[in-house]
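As structure tokens, the structure follows; a few thoughts come after it.
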Amino acid sequence: MLARAGRRVVVADKAEFPRDKCCGDGLTTLALRMLERIDFDPGVVASWRIVDSAWLRSPSGREVELPLPRGRGQYAAIAARLQLDNELVKHARAAGADIREGLGFSHLTPNYSGGTPTATVHFANGEPIAAAHVIAADGMWSPVRKAMGLGDTGYLGEWHAFRQYADNVTGPAAHRLYVWFETALLPGYAWSFPLADGRVNIGFGILRDGKRHVRDMKREWADLLSQRHIVDALGPGFGLVDRHTAWPIPAGITDAVLSSGNVLFVGDAARATDALTGEGIGQALETGILAAEAIIAGGNVAKVYESSVRRHLFADHRMSVALGKLLRSPIVTRGAIRAAATNGWTRTNFARWMFEDEPRAALFTPRRWHRGFLDRDGAY
């Protein structure tokens, strides 16, 4: 977006692409709308698979199918991050961004003289870059934030995720998106997301609450894979591919440092993940777009950016936190799934709400209502 607006953009990353990232690989309607907004073509991602419904399993064992609207665009999709991120890098390069891979961040030297703050970004293995604006999209433990003395010692994130790929999936999970609300994981859940290359991304996420961070994730994983309903969904003879990976997830944007000087923090560095589901791709893209828009608008960029983030994400975060507290109860979770399955209208609209077709707290924020509210076509 910035490069297309005529700005000189340098993207520096310590990784060399393609590289894998621990993720469920799920794309919500929000994520799809953000990708469409930057003119990203999903057809370049080999593993891309459109999702037309979600299968939820209640703690009671009841399974419910929640269909998404058909023939009206994409409301959810699955795409392996190894491929998706690599294609996004190519997309940025084609838009005019100067992509520099394999650069490890070292430190940042701010300059507040002359009225407008600037900064020089230094790397462990490359020439420094002078920048009028710095967008730090460097993860939960943001090295940029830490180098600026803004780190939060001991912060572990609100969620912890664990995932692995499986192949030779012959059961219904080969083509169904499953979300299993296991009593032991609430308000977290387990999932199996089908990819277009015949594999599935399977894993689970749990909410940290001062105790759960000491749970044995490997034991949880073994217990899940022994559950009859999960084995039946995957089918006999499925195999786990490569190693499992685990990663903490930050979901506390209302308490996060969003900017400092000419530095804007986005994505996980701004703790922008959805506090209800642990999904963060859509929020990362949205905060990145808001940062670009603030820079293009000019003026007090940090103030504009922070105001935009509050307007777009804070109400939804607070609602997600409140709902997450309710879903700690198996009874509440069972009731919510039962209510969602009342009729065809509730099934489809619950699925749309779950995949963030409209912002999580949209009904309670009338300023975000628009023509076609709650009845928009999907992306693409």
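By order in the structure tokens, chains are A, B, ...; within a chain, residues start at 1; ligands start at 1, following the order shown.
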Residues near Trp159 (chain A), cut-off 9 Å, only C-alpha atoms, skip fewer than 4 positions along chain, as a compact mmCIF listing (two decimals) with C-alpha atoms, in the first residue's frame:
# COMPACT_ATOMS: atom_id res chain seq x y z
CA GLY A 188 -9.69 -23.07 24.12
CA GLY A 205 -4.98 -23.70 21.66
CA ILE A 206 -5.38 -23.00 25.35
CA LEU A 207 -5.84 -19.77 27.22
CA ARG A 208 -3.17 -18.91 29.74
CA ASP A 209 -4.64 -18.01 33.14
CA HIS A 213 1.13 -22.13 31.11
CA TRP A 247 4.07 -20.73 20.15
CA PRO A 248 2.57 -18.21 22.58
CA ILE A 249 -0.08 -15.85 21.20
CA PRO A 250 -0.53 -12.24 22.40
CA ALA A 251 -4.15 -11.07 22.65
CA ALA A 275 -8.85 -12.83 22.31
CA GLY A 278 -6.44 -16.78 19.01
What lies within 6 Å of Ala76 (chain A) using only C-alpha atoms, ignoring chain neighbours under 3 positions off, as a PDB file with C-alpha atoms, in the first residue's frame?
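The result, stored in selection-v1.pdb:
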ATOM      1  CA  LEU A  27      -8.169 -17.266   7.139  1.00  0.00           C
ATOM      2  CA  THR A  28     -11.283 -15.540   8.452  1.00  0.00           C
ATOM      3  CA  THR A  29     -13.523 -13.262   6.412  1.00  0.00           C
ATOM      4  CA  VAL A  51     -14.120 -23.279   3.329  1.00  0.00           C
TER       5      VAL A  51
END
Given only C-alpha atoms as the counted atoms, nearest of A:Gly126, A:Pro359, A:Gly237, A:Gly24 to His160 (chain A): A:Gly24
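Here the question is which of A:Lys303, A:Arg199, A:Arg243, A:Arg93 gets nearest to Cys22 (chain A) using only C-alpha atoms, and that residue is A:Arg243.
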Between A:Leu276, A:Leu88, A:Ala46, A:Val10, which one has atoms that come closest to Arg360 (chain A), using only C-alpha atoms? A:Leu276
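Residue nearest Tyr189 (chain A) within the list A:Phe204, A:Tyr165, A:Trp141, A:Trp369: A:Phe204 [criterion: smallest interatomic distance, only C-alpha atoms].
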Do you know which residues are at most 10 Å from Leu313 (chain A) counting only C-alpha atoms, after dropping those on the same chain fewer than 2 positions away, and could you put them as a ChimeraX atom specification? /A:253-254,272-274,283,286-287,308-311,315-318,359-361
Please return, as a ChimeraX atom specification, all residues of region 227-327 of chain A that DSSP assigns to helix (DSSP H, G or I) on the basis of the backbone. /A:228-234,253-255,267-270,281-297,301-326
Strand (DSSP E or B) residues, from DSSP on the backbone, in region 142-364 of chain A, as a PyMOL selection string: chain A and resi 159-167+177-180+189-194+200-207+239-249+251+259-260+263-265+272
Same residues, N, CA and C atoms, output as a compact mmCIF listing (two decimals), in the first residue's frame:
# COMPACT_ATOMS: atom_id res chain seq x y z
N TRP A 159 -2.61 -16.67 24.95
CA TRP A 159 -2.90 -18.01 24.44
C TRP A 159 -1.60 -18.76 24.20
N HIS A 160 -1.72 -20.07 24.10
CA HIS A 160 -0.59 -20.88 23.65
C HIS A 160 -1.14 -21.90 22.66
N ALA A 161 -0.52 -21.97 21.49
CA ALA A 161 -1.00 -22.86 20.43
C ALA A 161 0.01 -23.96 20.15
N PHE A 162 -0.49 -25.08 19.68
CA PHE A 162 0.32 -26.26 19.40
C PHE A 162 -0.24 -26.86 18.12
N ARG A 163 0.59 -27.08 17.12
CA ARG A 163 0.07 -27.63 15.87
C ARG A 163 1.07 -28.52 15.15
N GLN A 164 0.51 -29.37 14.27
CA GLN A 164 1.30 -30.26 13.45
C GLN A 164 0.50 -30.54 12.17
N TYR A 165 1.18 -30.96 11.12
CA TYR A 165 0.48 -31.36 9.90
C TYR A 165 0.30 -32.87 9.91
N ALA A 166 -0.76 -33.33 9.24
CA ALA A 166 -1.00 -34.76 9.08
C ALA A 166 -1.33 -35.04 7.62
N ASP A 167 -0.88 -36.18 7.14
CA ASP A 167 -1.22 -36.59 5.78
C ASP A 167 -1.93 -37.94 5.80
N LEU A 177 -13.78 -28.65 7.91
CA LEU A 177 -13.10 -27.87 8.93
C LEU A 177 -13.75 -28.20 10.27
N TYR A 178 -12.95 -28.77 11.17
CA TYR A 178 -13.46 -29.16 12.48
C TYR A 178 -12.94 -28.22 13.57
N VAL A 179 -13.84 -27.90 14.51
CA VAL A 179 -13.46 -27.24 15.75
C VAL A 179 -14.05 -28.06 16.88
N TRP A 180 -13.18 -28.62 17.72
CA TRP A 180 -13.61 -29.48 18.81
C TRP A 180 -13.46 -28.73 20.14
N TYR A 189 -9.73 -24.70 22.34
CA TYR A 189 -10.34 -25.70 21.48
C TYR A 189 -9.27 -26.42 20.68
N ALA A 190 -9.65 -27.51 20.06
CA ALA A 190 -8.78 -28.22 19.12
C ALA A 190 -9.36 -28.04 17.72
N TRP A 191 -8.51 -28.19 16.71
CA TRP A 191 -8.99 -27.98 15.34
C TRP A 191 -8.34 -28.96 14.37
N SER A 192 -8.99 -29.10 13.23
CA SER A 192 -8.41 -29.77 12.07
C SER A 192 -8.88 -29.00 10.85
N PHE A 193 -7.92 -28.41 10.11
CA PHE A 193 -8.22 -27.58 8.95
C PHE A 193 -7.67 -28.26 7.70
N PRO A 194 -8.52 -28.53 6.71
CA PRO A 194 -8.06 -29.23 5.49
C PRO A 194 -7.36 -28.28 4.52
N VAL A 200 -3.86 -31.99 6.41
CA VAL A 200 -4.62 -31.15 7.33
C VAL A 200 -3.66 -30.51 8.33
N ASN A 201 -4.05 -29.34 8.80
CA ASN A 201 -3.37 -28.68 9.91
C ASN A 201 -4.19 -29.00 11.14
N ILE A 202 -3.60 -29.70 12.10
CA ILE A 202 -4.33 -30.11 13.29
C ILE A 202 -3.58 -29.62 14.53
N GLY A 203 -4.33 -29.14 15.50
CA GLY A 203 -3.67 -28.63 16.70
C GLY A 203 -4.68 -28.20 17.74
N PHE A 204 -4.22 -27.47 18.73
CA PHE A 204 -5.11 -26.97 19.77
C PHE A 204 -4.53 -25.71 20.37
N GLY A 205 -5.40 -24.93 20.99
CA GLY A 205 -4.98 -23.70 21.66
C GLY A 205 -5.62 -23.63 23.03
N ILE A 206 -4.85 -23.18 24.00
CA ILE A 206 -5.38 -23.00 25.35
C ILE A 206 -5.09 -21.60 25.82
N LEU A 207 -5.98 -21.10 26.65
CA LEU A 207 -5.84 -19.77 27.22
C LEU A 207 -4.98 -19.84 28.47
N GLY A 239 -1.01 -40.03 9.18
CA GLY A 239 0.33 -39.90 9.73
C GLY A 239 0.68 -38.46 10.03
N LEU A 240 1.40 -38.24 11.12
CA LEU A 240 1.86 -36.90 11.47
C LEU A 240 3.11 -36.58 10.68
N VAL A 241 3.18 -35.37 10.16
CA VAL A 241 4.27 -34.95 9.27
C VAL A 241 5.25 -34.05 10.02
N ASP A 242 6.54 -34.35 9.89
CA ASP A 242 7.59 -33.52 10.49
C ASP A 242 7.36 -33.36 11.99
N ARG A 243 7.80 -32.25 12.52
CA ARG A 243 7.72 -32.04 13.97
C ARG A 243 6.51 -31.16 14.31
N HIS A 244 6.08 -31.27 15.55
CA HIS A 244 5.05 -30.34 16.02
C HIS A 244 5.72 -29.02 16.40
N THR A 245 4.96 -27.96 16.42
CA THR A 245 5.48 -26.66 16.84
C THR A 245 4.49 -26.02 17.80
N ALA A 246 5.00 -25.19 18.67
CA ALA A 246 4.16 -24.49 19.65
C ALA A 246 4.64 -23.04 19.75
N TRP A 247 3.71 -22.15 20.08
CA TRP A 247 4.07 -20.73 20.15
C TRP A 247 3.05 -19.98 20.99
N PRO A 248 3.51 -19.04 21.82
CA PRO A 248 2.57 -18.21 22.58
C PRO A 248 1.91 -17.18 21.67
N ILE A 249 0.70 -16.80 22.01
CA ILE A 249 -0.08 -15.85 21.20
C ILE A 249 -0.49 -14.66 22.06
N ALA A 251 -2.80 -11.54 22.95
CA ALA A 251 -4.15 -11.07 22.65
C ALA A 251 -4.55 -10.03 23.70
N SER A 259 2.69 2.72 19.73
CA SER A 259 3.64 3.57 19.00
C SER A 259 4.61 4.21 19.98
N SER A 260 5.73 4.67 19.43
CA SER A 260 6.71 5.42 20.20
C SER A 260 7.56 6.20 19.20
N VAL A 263 7.88 5.10 15.48
CA VAL A 263 7.73 3.64 15.37
C VAL A 263 6.28 3.26 15.65
N LEU A 264 5.69 2.49 14.74
CA LEU A 264 4.34 1.98 14.91
C LEU A 264 4.41 0.46 15.04
N PHE A 265 3.75 -0.09 16.04
CA PHE A 265 3.75 -1.54 16.26
C PHE A 265 2.47 -2.14 15.69
N ALA A 272 -2.37 -7.87 18.78
CA ALA A 272 -3.64 -7.63 18.10
C ALA A 272 -4.46 -8.89 17.86
Rank nothing, just name the residue among A:Lys146, A:Arg367, A:Lys325, A:Arg33 nearest to Phe355 (chain A), using only C-alpha atoms. A:Arg33
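Minimum atom-to-atom distances from A:Gly282, A:Gly154, A:Gly104, A:Pro366 to Arg37 (chain A) were compared using only C-alpha atoms, and the lowest value belongs to A:Gly282.
Note that the spacing between CA of Ser58 (chain A) and CA of Ile337 (chain A) amounts to 6.6 Å.
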